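The data block below is model-v8.pdb; it holds PDB, C-alpha atoms.
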MODEL        1
ATOM      1  CA  MET A   1     -38.284 117.926  86.130
ATOM      2  CA  ASP A   2     -37.645 114.511  87.726
ATOM      3  CA  PHE A   3     -37.885 113.985  91.482
ATOM      4  CA  LEU A   4     -35.323 111.672  93.112
ATOM      5  CA  ARG A   5     -36.084 110.525  96.656
ATOM      6  CA  PRO A   6     -33.341 108.350  98.186
ATOM      7  CA  ALA A   7     -34.036 106.599 101.476
ATOM      8  CA  THR A   8     -30.416 106.451 102.686
ATOM      9  CA  TRP A   9     -27.304 108.577 102.469
ATOM     10  CA  GLN A  10     -25.582 106.040 100.236
ATOM     11  CA  GLU A  11     -28.539 106.101  97.848
ATOM     12  CA  ALA A  12     -28.318 109.896  97.805
ATOM     13  CA  LEU A  13     -24.619 109.782  96.918
ATOM     14  CA  ALA A  14     -25.302 107.257  94.167
ATOM     15  CA  ALA A  15     -28.084 109.424  92.751
ATOM     16  CA  LYS A  16     -25.853 112.506  92.795
ATOM     17  CA  ALA A  17     -23.078 110.574  91.047
ATOM     18  CA  GLU A  18     -25.508 109.430  88.343
ATOM     19  CA  HIS A  19     -27.087 112.887  87.996
ATOM     20  CA  PRO A  20     -24.440 115.509  88.899
ATOM     21  CA  SER A  21     -26.760 118.356  87.877
ATOM     22  CA  ALA A  22     -29.407 117.269  90.411
ATOM     23  CA  VAL A  23     -30.234 120.046  92.873
ATOM     24  CA  PRO A  24     -30.347 118.869  96.529
ATOM     25  CA  LEU A  25     -33.579 119.642  98.340
ATOM     26  CA  ALA A  26     -33.688 119.564 102.148
ATOM     27  CA  GLY A  27     -35.569 122.456 103.734
ATOM     28  CA  GLY A  28     -36.305 123.811 100.269
ATOM     29  CA  THR A  29     -36.571 127.367 101.560
ATOM     30  CA  ASP A  30     -34.299 128.761  98.820
ATOM     31  CA  VAL A  31     -34.749 126.228  96.017
ATOM     32  CA  MET A  32     -38.527 126.233  95.964
ATOM     33  CA  VAL A  33     -38.659 130.034  95.818
ATOM     34  CA  GLU A  34     -36.400 130.005  92.763
ATOM     35  CA  ILE A  35     -38.504 127.313  91.108
ATOM     36  CA  ASN A  36     -41.796 129.045  91.910
ATOM     37  CA  PHE A  37     -40.535 132.274  90.329
ATOM     38  CA  ASP A  38     -39.158 130.327  87.359
ATOM     39  CA  HIS A  39     -35.624 131.499  88.110
ATOM     40  CA  ARG A  40     -34.429 127.907  88.041
ATOM     41  CA  ARG A  41     -35.668 124.781  86.294
ATOM     42  CA  PRO A  42     -33.341 121.876  87.148
ATOM     43  CA  ALA A  43     -33.671 118.578  85.350
ATOM     44  CA  TYR A  44     -33.572 116.709  88.684
ATOM     45  CA  LEU A  45     -34.458 117.513  92.280
ATOM     46  CA  LEU A  46     -32.729 115.339  94.877
ATOM     47  CA  ASP A  47     -34.934 115.181  97.977
ATOM     48  CA  LEU A  48     -32.887 114.527 101.139
ATOM     49  CA  GLY A  49     -35.846 114.728 103.499
ATOM     50  CA  ARG A  50     -35.918 111.021 104.315
ATOM     51  CA  ILE A  51     -32.298 110.905 105.535
ATOM     52  CA  GLY A  52     -32.673 111.364 109.273
ATOM     53  CA  ASP A  53     -29.025 111.682 110.289
ATOM     54  CA  LEU A  54     -28.783 114.968 108.383
ATOM     55  CA  GLU A  55     -30.982 116.445 111.132
ATOM     56  CA  GLU A  56     -28.771 115.243 113.987
ATOM     57  CA  TRP A  57     -25.846 116.861 115.759
ATOM     58  CA  GLU A  58     -23.025 115.678 118.007
ATOM     59  CA  THR A  59     -21.370 117.836 120.638
ATOM     60  CA  GLY A  60     -17.754 116.833 121.104
ATOM     61  CA  GLU A  61     -15.105 118.148 123.448
ATOM     62  CA  ARG A  62     -13.893 120.737 120.931
ATOM     63  CA  THR A  63     -16.346 120.831 118.061
ATOM     64  CA  VAL A  64     -20.007 120.413 117.193
ATOM     65  CA  ARG A  65     -20.772 118.229 114.200
ATOM     66  CA  LEU A  66     -23.936 119.811 112.857
ATOM     67  CA  GLY A  67     -25.942 117.797 110.325
ATOM     68  CA  ALA A  68     -26.599 119.713 107.120
ATOM     69  CA  SER A  69     -30.373 119.748 107.689
ATOM     70  CA  VAL A  70     -30.523 120.571 111.413
ATOM     71  CA  PRO A  71     -33.210 123.281 111.483
ATOM     72  CA  TYR A  72     -32.315 126.754 112.693
ATOM     73  CA  THR A  73     -34.913 126.353 115.451
ATOM     74  CA  LYS A  74     -32.956 123.406 116.889
ATOM     75  CA  ILE A  75     -29.748 125.446 116.826
ATOM     76  CA  MET A  76     -31.475 128.254 118.716
ATOM     77  CA  GLU A  77     -32.974 125.887 121.283
ATOM     78  CA  ASN A  78     -30.084 123.495 121.874
ATOM     79  CA  LEU A  79     -26.756 125.052 120.891
ATOM     80  CA  ARG A  80     -26.770 128.566 122.339
ATOM     81  CA  THR A  81     -23.861 127.781 124.649
ATOM     82  CA  GLU A  82     -21.723 125.853 122.189
ATOM     83  CA  LEU A  83     -22.431 127.990 119.093
ATOM     84  CA  PRO A  84     -23.661 131.389 120.325
ATOM     85  CA  GLY A  85     -22.841 133.309 117.147
ATOM     86  CA  LEU A  86     -24.711 130.865 114.932
ATOM     87  CA  ALA A  87     -27.644 130.771 117.357
ATOM     88  CA  LEU A  88     -27.893 134.573 117.200
ATOM     89  CA  ALA A  89     -27.794 134.473 113.407
ATOM     90  CA  ALA A  90     -30.484 131.778 113.372
ATOM     91  CA  HIS A  91     -32.820 134.156 115.203
ATOM     92  CA  THR A  92     -32.756 136.516 112.221
ATOM     93  CA  VAL A  93     -33.610 133.906 109.589
ATOM     94  CA  ALA A  94     -36.996 134.559 107.985
ATOM     95  CA  SER A  95     -40.086 133.370 109.894
ATOM     96  CA  PRO A  96     -40.636 130.609 112.483
ATOM     97  CA  GLN A  97     -41.941 128.361 109.688
ATOM     98  CA  ILE A  98     -38.751 128.834 107.673
ATOM     99  CA  ARG A  99     -36.551 128.382 110.755
ATOM    100  CA  ASN A 100     -38.305 125.061 111.370
ATOM    101  CA  ARG A 101     -37.364 123.861 107.873
ATOM    102  CA  GLY A 102     -34.171 125.599 106.796
ATOM    103  CA  GLY A 103     -30.672 124.585 107.847
ATOM    104  CA  VAL A 104     -27.051 125.588 107.498
ATOM    105  CA  GLY A 105     -26.418 123.077 104.725
ATOM    106  CA  GLY A 106     -28.867 124.905 102.495
ATOM    107  CA  ASN A 107     -27.172 128.250 103.173
ATOM    108  CA  LEU A 108     -23.839 126.711 102.234
ATOM    109  CA  GLY A 109     -25.195 124.982  99.142
ATOM    110  CA  THR A 110     -26.766 128.185  97.851
ATOM    111  CA  ALA A 111     -23.662 130.179  98.822
ATOM    112  CA  SER A 112     -25.489 133.486  98.572
ATOM    113  CA  PRO A 113     -23.374 136.311 100.040
ATOM    114  CA  ALA A 114     -26.510 137.355 101.970
ATOM    115  CA  GLY A 115     -26.944 134.005 103.753
ATOM    116  CA  ASP A 116     -27.344 134.632 107.485
ATOM    117  CA  ALA A 117     -25.241 131.668 108.623
ATOM    118  CA  HIS A 118     -22.074 132.602 106.729
ATOM    119  CA  PRO A 119     -20.663 135.354 108.998
ATOM    120  CA  ALA A 120     -20.980 133.112 112.058
ATOM    121  CA  LEU A 121     -19.373 130.152 110.285
ATOM    122  CA  LEU A 122     -16.458 132.308 109.124
ATOM    123  CA  ALA A 123     -15.988 133.826 112.584
ATOM    124  CA  SER A 124     -16.026 130.374 114.192
ATOM    125  CA  GLY A 125     -13.606 128.779 111.740
ATOM    126  CA  ALA A 126     -15.927 125.985 110.617
ATOM    127  CA  GLU A 127     -15.215 123.117 108.224
ATOM    128  CA  VAL A 128     -17.670 121.671 105.708
ATOM    129  CA  GLU A 129     -17.952 117.889 105.485
ATOM    130  CA  ALA A 130     -18.531 117.032 101.821
ATOM    131  CA  GLU A 131     -19.002 113.524 100.498
ATOM    132  CA  SER A 132     -19.445 111.655  97.232
ATOM    133  CA  VAL A 133     -19.192 108.028  96.135
ATOM    134  CA  ARG A 134     -15.440 108.754  95.810
ATOM    135  CA  GLY A 135     -15.071 109.494  99.494
ATOM    136  CA  ARG A 136     -15.274 112.223 102.120
ATOM    137  CA  ARG A 137     -13.308 115.446 102.483
ATOM    138  CA  MET A 138     -13.230 118.421 104.836
ATOM    139  CA  ILE A 139     -13.302 121.900 103.312
ATOM    140  CA  PRO A 140     -12.180 124.809 105.528
ATOM    141  CA  ILE A 141     -14.827 127.534 105.477
ATOM    142  CA  ASP A 142     -12.228 130.038 104.236
ATOM    143  CA  ASP A 143     -11.859 127.955 101.052
ATOM    144  CA  PHE A 144     -15.549 127.181 100.537
ATOM    145  CA  TYR A 145     -16.871 130.343  98.865
ATOM    146  CA  ARG A 146     -15.657 130.633  95.266
ATOM    147  CA  GLY A 147     -17.813 133.417  93.782
ATOM    148  CA  VAL A 148     -21.334 134.799  93.662
ATOM    149  CA  LYS A 149     -23.491 131.808  94.609
ATOM    150  CA  ARG A 150     -20.612 129.427  93.831
ATOM    151  CA  ASN A 151     -18.967 127.052  96.289
ATOM    152  CA  ALA A 152     -16.131 124.529  96.367
ATOM    153  CA  LEU A 153     -18.298 121.409  95.989
ATOM    154  CA  GLU A 154     -17.583 119.070  93.103
ATOM    155  CA  PRO A 155     -20.601 118.225  90.893
ATOM    156  CA  ASP A 156     -21.037 114.800  92.523
ATOM    157  CA  GLU A 157     -20.640 115.985  96.133
ATOM    158  CA  LEU A 158     -23.224 116.639  98.821
ATOM    159  CA  ILE A 159     -22.851 118.462 102.145
ATOM    160  CA  ARG A 160     -23.317 116.006 104.977
ATOM    161  CA  ALA A 161     -22.407 118.150 107.991
ATOM    162  CA  VAL A 162     -20.585 121.218 109.244
ATOM    163  CA  HIS A 163     -17.922 120.923 111.944
ATOM    164  CA  ILE A 164     -17.904 124.065 114.087
ATOM    165  CA  PRO A 165     -15.470 124.701 116.970
ATOM    166  CA  ARG A 166     -17.219 125.163 120.275
ATOM    167  CA  ALA A 167     -17.047 128.736 121.494
ATOM    168  CA  THR A 168     -14.222 129.437 123.915
ATOM    169  CA  GLY A 169     -15.210 133.083 124.246
ATOM    170  CA  PRO A 170     -18.034 135.504 123.448
ATOM    171  CA  GLN A 171     -19.499 135.681 119.954
ATOM    172  CA  GLN A 172     -21.862 138.163 118.334
ATOM    173  CA  PHE A 173     -23.890 138.613 115.155
ATOM    174  CA  SER A 174     -25.400 141.799 113.792
ATOM    175  CA  LYS A 175     -27.528 142.340 110.699
ATOM    176  CA  VAL A 176     -28.919 145.419 108.950
ATOM    177  CA  GLY A 177     -32.343 145.104 107.347
ATOM    178  CA  THR A 178     -35.701 146.775 107.270
ATOM    179  CA  ARG A 179     -36.729 144.560 110.189
ATOM    180  CA  ASN A 180     -35.189 141.894 112.435
ATOM    181  CA  ALA A 181     -36.221 138.890 110.350
ATOM    182  CA  MET A 182     -38.214 138.015 107.228
ATOM    183  CA  VAL A 183     -35.773 140.153 105.256
ATOM    184  CA  ILE A 184     -32.628 139.617 103.201
ATOM    185  CA  ALA A 185     -29.670 141.258 104.904
ATOM    186  CA  VAL A 186     -28.497 144.602 103.581
ATOM    187  CA  CYS A 187     -25.259 143.580 105.284
ATOM    188  CA  ALA A 188     -24.253 141.477 108.286
ATOM    189  CA  PHE A 189     -21.282 141.054 110.598
ATOM    190  CA  GLY A 190     -20.127 138.231 112.848
ATOM    191  CA  LEU A 191     -17.387 138.359 115.470
ATOM    192  CA  ALA A 192     -15.853 135.668 117.672
ATOM    193  CA  LEU A 193     -13.228 136.074 120.388
ATOM    194  CA  HIS A 194     -10.999 133.009 120.823
ATOM    195  CA  PRO A 195      -9.260 133.469 124.201
ATOM    196  CA  ASP A 196      -7.718 129.991 124.037
ATOM    197  CA  THR A 197      -5.585 131.044 121.050
ATOM    198  CA  ARG A 198      -5.652 134.786 121.788
ATOM    199  CA  THR A 199      -7.107 135.452 118.337
ATOM    200  CA  VAL A 200     -10.129 137.138 116.783
ATOM    201  CA  ARG A 201     -12.148 136.067 113.743
ATOM    202  CA  THR A 202     -14.816 137.903 111.785
ATOM    203  CA  GLY A 203     -17.364 137.270 109.042
ATOM    204  CA  ILE A 204     -19.057 139.755 106.710
ATOM    205  CA  GLY A 205     -22.213 139.028 104.742
ATOM    206  CA  SER A 206     -23.886 140.810 101.834
ATOM    207  CA  ALA A 207     -21.077 143.335 101.385
ATOM    208  CA  ALA A 208     -18.888 141.549  98.814
ATOM    209  CA  PRO A 209     -19.354 138.983  96.010
ATOM    210  CA  THR A 210     -18.880 136.250  98.622
ATOM    211  CA  PRO A 211     -19.005 136.099 102.421
ATOM    212  CA  VAL A 212     -15.581 137.352 103.575
ATOM    213  CA  ARG A 213     -13.464 137.893 106.657
ATOM    214  CA  ALA A 214     -12.051 141.274 107.668
ATOM    215  CA  ARG A 215      -8.526 139.928 107.949
ATOM    216  CA  ALA A 216      -6.750 143.261 108.423
ATOM    217  CA  ALA A 217      -9.166 144.126 111.227
ATOM    218  CA  GLU A 218      -8.590 140.715 112.832
ATOM    219  CA  GLU A 219      -4.808 141.081 112.685
ATOM    220  CA  PHE A 220      -4.929 144.603 114.085
ATOM    221  CA  LEU A 221      -7.180 143.667 117.005
ATOM    222  CA  THR A 222      -5.309 140.461 117.808
ATOM    223  CA  ALA A 223      -2.031 142.363 117.987
ATOM    224  CA  ALA A 224      -3.538 145.281 119.939
ATOM    225  CA  LEU A 225      -5.108 143.049 122.590
ATOM    226  CA  ASP A 226      -1.848 141.158 123.033
ATOM    227  CA  GLU A 227       0.448 144.179 123.134
ATOM    228  CA  ALA A 228      -1.717 145.987 125.695
ATOM    229  CA  GLY A 229      -2.122 142.868 127.847
ATOM    230  CA  LEU A 230      -5.893 143.195 127.625
ATOM    231  CA  TRP A 231      -6.563 139.460 127.539
ATOM    232  CA  GLU A 232      -5.053 139.221 131.021
ATOM    233  CA  SER A 233      -6.260 142.502 132.495
ATOM    234  CA  GLY A 234      -9.779 142.548 131.053
ATOM    235  CA  GLU A 235      -9.614 146.342 130.997
ATOM    236  CA  PRO A 236     -12.047 148.351 128.841
ATOM    237  CA  LEU A 237     -11.080 148.784 125.205
ATOM    238  CA  PRO A 238      -9.768 152.232 124.238
ATOM    239  CA  PRO A 239     -12.309 153.962 121.953
ATOM    240  CA  SER A 240      -9.583 154.572 119.377
ATOM    241  CA  LEU A 241      -8.970 150.831 119.122
ATOM    242  CA  ALA A 242     -12.650 150.123 118.466
ATOM    243  CA  ARG A 243     -12.800 152.891 115.847
ATOM    244  CA  GLU A 244      -9.768 151.542 114.005
ATOM    245  CA  PHE A 245     -11.220 148.039 114.070
ATOM    246  CA  GLY A 246     -14.454 149.323 112.540
ATOM    247  CA  GLN A 247     -12.628 151.238 109.821
ATOM    248  CA  LEU A 248     -10.539 148.222 108.883
ATOM    249  CA  ALA A 249     -13.643 146.012 108.788
ATOM    250  CA  ALA A 250     -15.345 148.490 106.459
ATOM    251  CA  GLY A 251     -12.251 148.399 104.259
ATOM    252  CA  ALA A 252     -12.669 144.651 103.768
ATOM    253  CA  CYS A 253     -15.975 145.201 101.955
ATOM    254  CA  ASN A 254     -16.455 145.220  98.196
ATOM    255  CA  PRO A 255     -20.196 145.963  98.012
ATOM    256  CA  ILE A 256     -22.569 146.873  95.198
ATOM    257  CA  ASP A 257     -25.483 149.258  94.820
ATOM    258  CA  ASP A 258     -28.820 147.456  94.635
ATOM    259  CA  VAL A 259     -32.450 147.870  95.689
ATOM    260  CA  ARG A 260     -31.635 147.040  99.318
ATOM    261  CA  GLY A 261     -28.866 149.586  99.809
ATOM    262  CA  SER A 262     -26.001 151.501  98.270
ATOM    263  CA  ALA A 263     -22.391 150.366  98.343
ATOM    264  CA  ALA A 264     -21.451 153.384 100.464
ATOM    265  CA  TYR A 265     -24.165 152.604 103.008
ATOM    266  CA  ARG A 266     -23.135 148.950 103.255
ATOM    267  CA  ARG A 267     -19.510 149.870 103.841
ATOM    268  CA  HIS A 268     -20.458 152.399 106.511
ATOM    269  CA  ALA A 269     -22.897 149.988 108.198
ATOM    270  CA  VAL A 270     -20.304 147.208 108.401
ATOM    271  CA  GLY A 271     -17.920 149.611 110.129
ATOM    272  CA  VAL A 272     -20.586 150.545 112.666
ATOM    273  CA  MET A 273     -21.578 146.913 113.275
ATOM    274  CA  ALA A 274     -17.941 145.896 113.711
ATOM    275  CA  ARG A 275     -17.391 148.581 116.327
ATOM    276  CA  ARG A 276     -20.585 147.737 118.194
ATOM    277  CA  THR A 277     -20.170 143.951 118.144
ATOM    278  CA  LEU A 278     -16.622 144.384 119.408
ATOM    279  CA  GLY A 279     -17.975 146.405 122.327
ATOM    280  CA  TRP A 280     -20.598 143.775 123.125
ATOM    281  CA  THR A 281     -18.228 140.808 122.911
ATOM    282  CA  TRP A 282     -15.508 142.521 124.944
ATOM    283  CA  GLU A 283     -17.927 143.433 127.711
ATOM    284  CA  SER A 284     -19.044 139.785 127.805
ATOM    285  CA  TYR A 285     -15.409 138.689 127.983
ATOM    286  CA  ARG A 286     -14.710 141.113 130.823
ATOM    287  CA  GLY A 287     -17.746 139.754 132.683
ATOM    288  CA  GLN A 288     -16.496 136.199 132.281
ATOM    289  CA  GLU A 289     -13.054 137.190 133.529
ATOM    290  CA  ARG A 290     -14.476 138.900 136.625
ATOM    291  CA  SER A 291     -16.622 135.847 137.367
ATOM    292  CA  ALA A 292     -13.596 133.561 137.025
ATOM    293  CA  GLN A 293     -11.547 135.731 139.404
ATOM    294  CA  CYS A 294     -14.319 135.681 142.027
ATOM    295  CA  ALA A 295     -14.844 131.934 141.801
TER
ENDMDL
END
Show me this structure written as structure tokens.
Amino acid sequence: MDFLRPATWQEALAAKAEHPSAVPLAGGTDVMVEINFDHRRPAYLLDLGRIGDLEEWETGERTVRLGASVPYTKIMENLRTELPGLALAAHTVASPQIRNRGGVGGNLGTASPAGDAHPALLASGAEVEAESVRGRRMIPIDDFYRGVKRNALEPDELIRAVHIPRATGPQQFSKVGTRNAMVIAVCAFGLALHPDTRTVRTGIGSAAPTPVRARAAEEFLTAALDEAGLWESGEPLPPSLAREFGQLAAGACNPIDDVRGSAAYRRHAVGVMARRTLGWTWESYRGQERSAQCA
């Protein structure tokens, strides 16, 4: 196994072009585990640890450009307002040591359906900034996941950043596991309300071959909120609406039985999480609306 250690981003792109099979190494929290257990033995490791701008972020008027290697700890500490769903998900990632090393780029590169960042990225409507010596392109998050641990990157491409819309409404993240962190999700659910467009987006983790959205649930809730005038009134949600949303979210799952949980349990748990996160986000929205009216 050869170890490539570029000093600049351009050197990294050149190395990836010369060795397309090289496995990028940033935080190393997934890759090193696979190597230590002899589950993977790549010919080349491409260490990105010397490229400082991968650990930087920019907060724009509408989006946050998050460097691929920004540690989860930094997201939790600095981006709770702009990216609340992702900050909540970051809290559930492994241990403090792992949160100090791991970043969203690694989750995307691994593309495991159990990755904690994926539901929040799907619910936010993020875009992945991929680059090679041939140029740069933006990949919508909905098009990024191609199969079990497969993504849309070309062999010579690297993830440079993720562009995530700033929250315009409440966001939530919920995860089922044997404990709050230091555990792979049995299943996870992310929800984001987008009052500016009067839409809802979701993200489901570890309940299908890839991270997925509950599109039928989104369409149902978006239409229901609009038809009942709930965006304007901020009235409580009817319990029947929340139940239907949860059932539709559960229907979006295509889970498996494994050592962490059965397919039936995962489907049921996603329905419960969808219903609960909807309740939490709507109560937050109602609170914001009341505050705005009193201001």
Next item on the list: Please write the residues picked by the PyMOL selection byres ((chain A and resi 105) around 9) on this file as a ChimeraX atom specification.
Entry: /A:26,67-70,102-104,106-110,128,159-162
Would you export the selected residues with C-alpha atoms as a short mmCIF file (atom, residue, chain, number, x, y, z; two decimals), keeping the file's coordinate frame, please?
data_model
loop_
_atom_site.label_atom_id
_atom_site.label_comp_id
_atom_site.auth_asym_id
_atom_site.auth_seq_id
_atom_site.Cartn_x
_atom_site.Cartn_y
_atom_site.Cartn_z
CA ALA A 26 -33.69 119.56 102.15
CA GLY A 67 -25.94 117.80 110.32
CA ALA A 68 -26.60 119.71 107.12
CA SER A 69 -30.37 119.75 107.69
CA VAL A 70 -30.52 120.57 111.41
CA GLY A 102 -34.17 125.60 106.80
CA GLY A 103 -30.67 124.58 107.85
CA VAL A 104 -27.05 125.59 107.50
CA GLY A 106 -28.87 124.90 102.50
CA ASN A 107 -27.17 128.25 103.17
CA LEU A 108 -23.84 126.71 102.23
CA GLY A 109 -25.20 124.98 99.14
CA THR A 110 -26.77 128.18 97.85
CA VAL A 128 -17.67 121.67 105.71
CA ILE A 159 -22.85 118.46 102.14
CA ARG A 160 -23.32 116.01 104.98
CA ALA A 161 -22.41 118.15 107.99
CA VAL A 162 -20.58 121.22 109.24
#
Next item on the list: For Leu4 in chain A, list every protein, DNA or RNA residue within 10 Å, evaluated using only C-alpha atoms, and leave out those in the same chain fewer than 3 positions away; present the list as a PyMOL selection string.
Entry: chain A and resi 1+7+11-12+15-16+19+22-25+44-48
Okay, now the selection with C-alpha atoms, as a JSON list (two decimals), keeping the file's coordinate frame?
[["chain", "number", "residue", "atom", "x", "y", "z"],
["A", 1, "MET", "CA", -38.28, 117.93, 86.13],
["A", 7, "ALA", "CA", -34.04, 106.60, 101.48],
["A", 11, "GLU", "CA", -28.54, 106.10, 97.85],
["A", 12, "ALA", "CA", -28.32, 109.90, 97.80],
["A", 15, "ALA", "CA", -28.08, 109.42, 92.75],
["A", 16, "LYS", "CA", -25.85, 112.51, 92.80],
["A", 19, "HIS", "CA", -27.09, 112.89, 88.00],
["A", 22, "ALA", "CA", -29.41, 117.27, 90.41],
["A", 23, "VAL", "CA", -30.23, 120.05, 92.87],
["A", 24, "PRO", "CA", -30.35, 118.87, 96.53],
["A", 25, "LEU", "CA", -33.58, 119.64, 98.34],
["A", 44, "TYR", "CA", -33.57, 116.71, 88.68],
["A", 45, "LEU", "CA", -34.46, 117.51, 92.28],
["A", 46, "LEU", "CA", -32.73, 115.34, 94.88],
["A", 47, "ASP", "CA", -34.93, 115.18, 97.98],
["A", 48, "LEU", "CA", -32.89, 114.53, 101.14]]
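You will find CA of Tyr285 in chain A at 29.5 Å from CA of Ala208 in chain A.
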For this structure, which residues satisfy the selection - the PyMOL selection byres ((chain A and resi 121) around 12) - when it is evaluated on the file as given? I want them as a short mmCIF file (atom, residue, chain, number, x, y, z; two decimals) with C-alpha atoms, in the frame of the given file.
data_model
loop_
_atom_site.label_atom_id
_atom_site.label_comp_id
_atom_site.auth_asym_id
_atom_site.auth_seq_id
_atom_site.Cartn_x
_atom_site.Cartn_y
_atom_site.Cartn_z
CA VAL A 64 -20.01 120.41 117.19
CA LEU A 66 -23.94 119.81 112.86
CA LEU A 83 -22.43 127.99 119.09
CA PRO A 84 -23.66 131.39 120.32
CA GLY A 85 -22.84 133.31 117.15
CA LEU A 86 -24.71 130.86 114.93
CA ALA A 87 -27.64 130.77 117.36
CA LEU A 88 -27.89 134.57 117.20
CA ALA A 89 -27.79 134.47 113.41
CA ALA A 90 -30.48 131.78 113.37
CA VAL A 104 -27.05 125.59 107.50
CA GLY A 105 -26.42 123.08 104.72
CA ASN A 107 -27.17 128.25 103.17
CA LEU A 108 -23.84 126.71 102.23
CA GLY A 115 -26.94 134.00 103.75
CA ASP A 116 -27.34 134.63 107.48
CA ALA A 117 -25.24 131.67 108.62
CA HIS A 118 -22.07 132.60 106.73
CA PRO A 119 -20.66 135.35 109.00
CA ALA A 120 -20.98 133.11 112.06
CA LEU A 122 -16.46 132.31 109.12
CA ALA A 123 -15.99 133.83 112.58
CA SER A 124 -16.03 130.37 114.19
CA GLY A 125 -13.61 128.78 111.74
CA ALA A 126 -15.93 125.98 110.62
CA GLU A 127 -15.22 123.12 108.22
CA VAL A 128 -17.67 121.67 105.71
CA PRO A 140 -12.18 124.81 105.53
CA ILE A 141 -14.83 127.53 105.48
CA ASP A 142 -12.23 130.04 104.24
CA PHE A 144 -15.55 127.18 100.54
CA TYR A 145 -16.87 130.34 98.86
CA VAL A 162 -20.58 121.22 109.24
CA HIS A 163 -17.92 120.92 111.94
CA ILE A 164 -17.90 124.06 114.09
CA PRO A 165 -15.47 124.70 116.97
CA ARG A 166 -17.22 125.16 120.28
CA ALA A 167 -17.05 128.74 121.49
CA GLN A 171 -19.50 135.68 119.95
CA GLN A 172 -21.86 138.16 118.33
CA PHE A 173 -23.89 138.61 115.16
CA PHE A 189 -21.28 141.05 110.60
CA GLY A 190 -20.13 138.23 112.85
CA LEU A 191 -17.39 138.36 115.47
CA ALA A 192 -15.85 135.67 117.67
CA ARG A 201 -12.15 136.07 113.74
CA THR A 202 -14.82 137.90 111.78
CA GLY A 203 -17.36 137.27 109.04
CA ILE A 204 -19.06 139.76 106.71
CA GLY A 205 -22.21 139.03 104.74
CA PRO A 211 -19.00 136.10 102.42
CA VAL A 212 -15.58 137.35 103.58
CA ARG A 213 -13.46 137.89 106.66
#
Checklist line | Separation of CA of Asn100 in chain A from CA of Met32 in chain A, in Å and rounded to one decimal | finding: 15.5 Å
Checklist line | Two-atom distance - CA of Lys175 in chain A, CA of Gly28 in chain A (Å) | finding: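 CA of Gly28 in chain A lies at a distance of 23.0 Å from CA of Lys175 in chain A.
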Item checked: Closest of A:Ile139, A:Leu54, A:Leu237, A:Ala152 to Gly27 in chain A - atom-to-atom distances counting only C-alpha atoms ->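 Among A:Ile139, A:Leu54, A:Leu237, A:Ala152, it is A:Leu54 that comes nearest to Gly27 in chain A.
For the file at hand, the PyMOL selection byres ((chain A and resi 254-256) around 6) resolves to Ala207, Ala208, Cys253, Asp257 and Ala263 of chain A.
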Next item on the list: May I ask which of the residues A:Ala185, A:Met138, A:Leu13, A:Leu221 is the closest one to Pro113 in chain A, counting all atoms listed in the file?
Entry: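 Once distances to Pro113 in chain A are computed over all atoms listed in the file, the minimum belongs to A:Ala185.
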Note to self: Let me make sure I understand: among A:Arg150, A:Arg290, A:Arg215, A:Arg101, which one has the smallest atom-to-atom distance to Lys74 in chain A if we use all atoms listed in the file?
What the structure shows: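 Closest to Lys74 in chain A, using all atoms listed in the file: A:Arg101.
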Next item on the list: Give the answer as one residue: which of A:Phe37, A:Arg276, A:Gly49, A:Thr281 has the shortest atom-to-atom distance to Arg5 in chain A, using all atoms listed in the file?
Entry: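 Among the listed residues, the smallest separation from Arg5 in chain A belongs to A:Gly49.
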Which residues, protein or nucleic acid, reach to within 10 Å of (-18.6, 148.7, 119.8) in the file's coordinates when using only C-alpha atoms, and can you give that as a short mmCIF file (atom, residue, chain, number, x, y, z; two decimals) with C-alpha atoms, keeping the file's coordinate frame?
data_model
loop_
_atom_site.label_atom_id
_atom_site.label_comp_id
_atom_site.auth_asym_id
_atom_site.auth_seq_id
_atom_site.Cartn_x
_atom_site.Cartn_y
_atom_site.Cartn_z
CA LEU A 237 -11.08 148.78 125.20
CA PRO A 239 -12.31 153.96 121.95
CA LEU A 241 -8.97 150.83 119.12
CA ALA A 242 -12.65 150.12 118.47
CA ARG A 243 -12.80 152.89 115.85
CA PHE A 245 -11.22 148.04 114.07
CA GLY A 246 -14.45 149.32 112.54
CA GLY A 271 -17.92 149.61 110.13
CA VAL A 272 -20.59 150.54 112.67
CA MET A 273 -21.58 146.91 113.28
CA ALA A 274 -17.94 145.90 113.71
CA ARG A 275 -17.39 148.58 116.33
CA ARG A 276 -20.58 147.74 118.19
CA THR A 277 -20.17 143.95 118.14
CA LEU A 278 -16.62 144.38 119.41
CA GLY A 279 -17.98 146.40 122.33
CA TRP A 280 -20.60 143.78 123.12
CA THR A 281 -18.23 140.81 122.91
CA TRP A 282 -15.51 142.52 124.94
CA GLU A 283 -17.93 143.43 127.71
#
Checklist line | Val186 in chain A surroundings by only C-alpha atoms, 8 Å radius, close-in-sequence under 2 positions cut, as a ChimeraX atom specification | finding: /A:114,175-177,184,188,206-207,260-261,266
Margin query: Using all atoms listed in the file, can you tell me which of A:Asn180, A:Ser21, A:Ser95, A:Gln10 comes closest to Asp156 in chain A?
Written below: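 Closest to Asp156 in chain A, using all atoms listed in the file: A:Ser21.
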Would you compute an axis-aligned box for range 125-130 of chain A, covering every atom listed for it in the file with 3 Å of margin on each side, and report centre and edge lengths in Å to one decimal as lines of an AutoDock Vina configuration file?
center_x = -16.1
center_y = 122.9
center_z = 106.8
size_x = 10.9
size_y = 17.7
size_z = 15.9
Next item on the list: Give me the residues within 10 Å of Glu235 in chain A as JSON, numbers by chain, counting all atoms listed in the file and dropping any in the same chain fewer than 3 places off.
Entry: {"A": [228, 229, 230, 231, 232, 238, 282, 283, 286]}
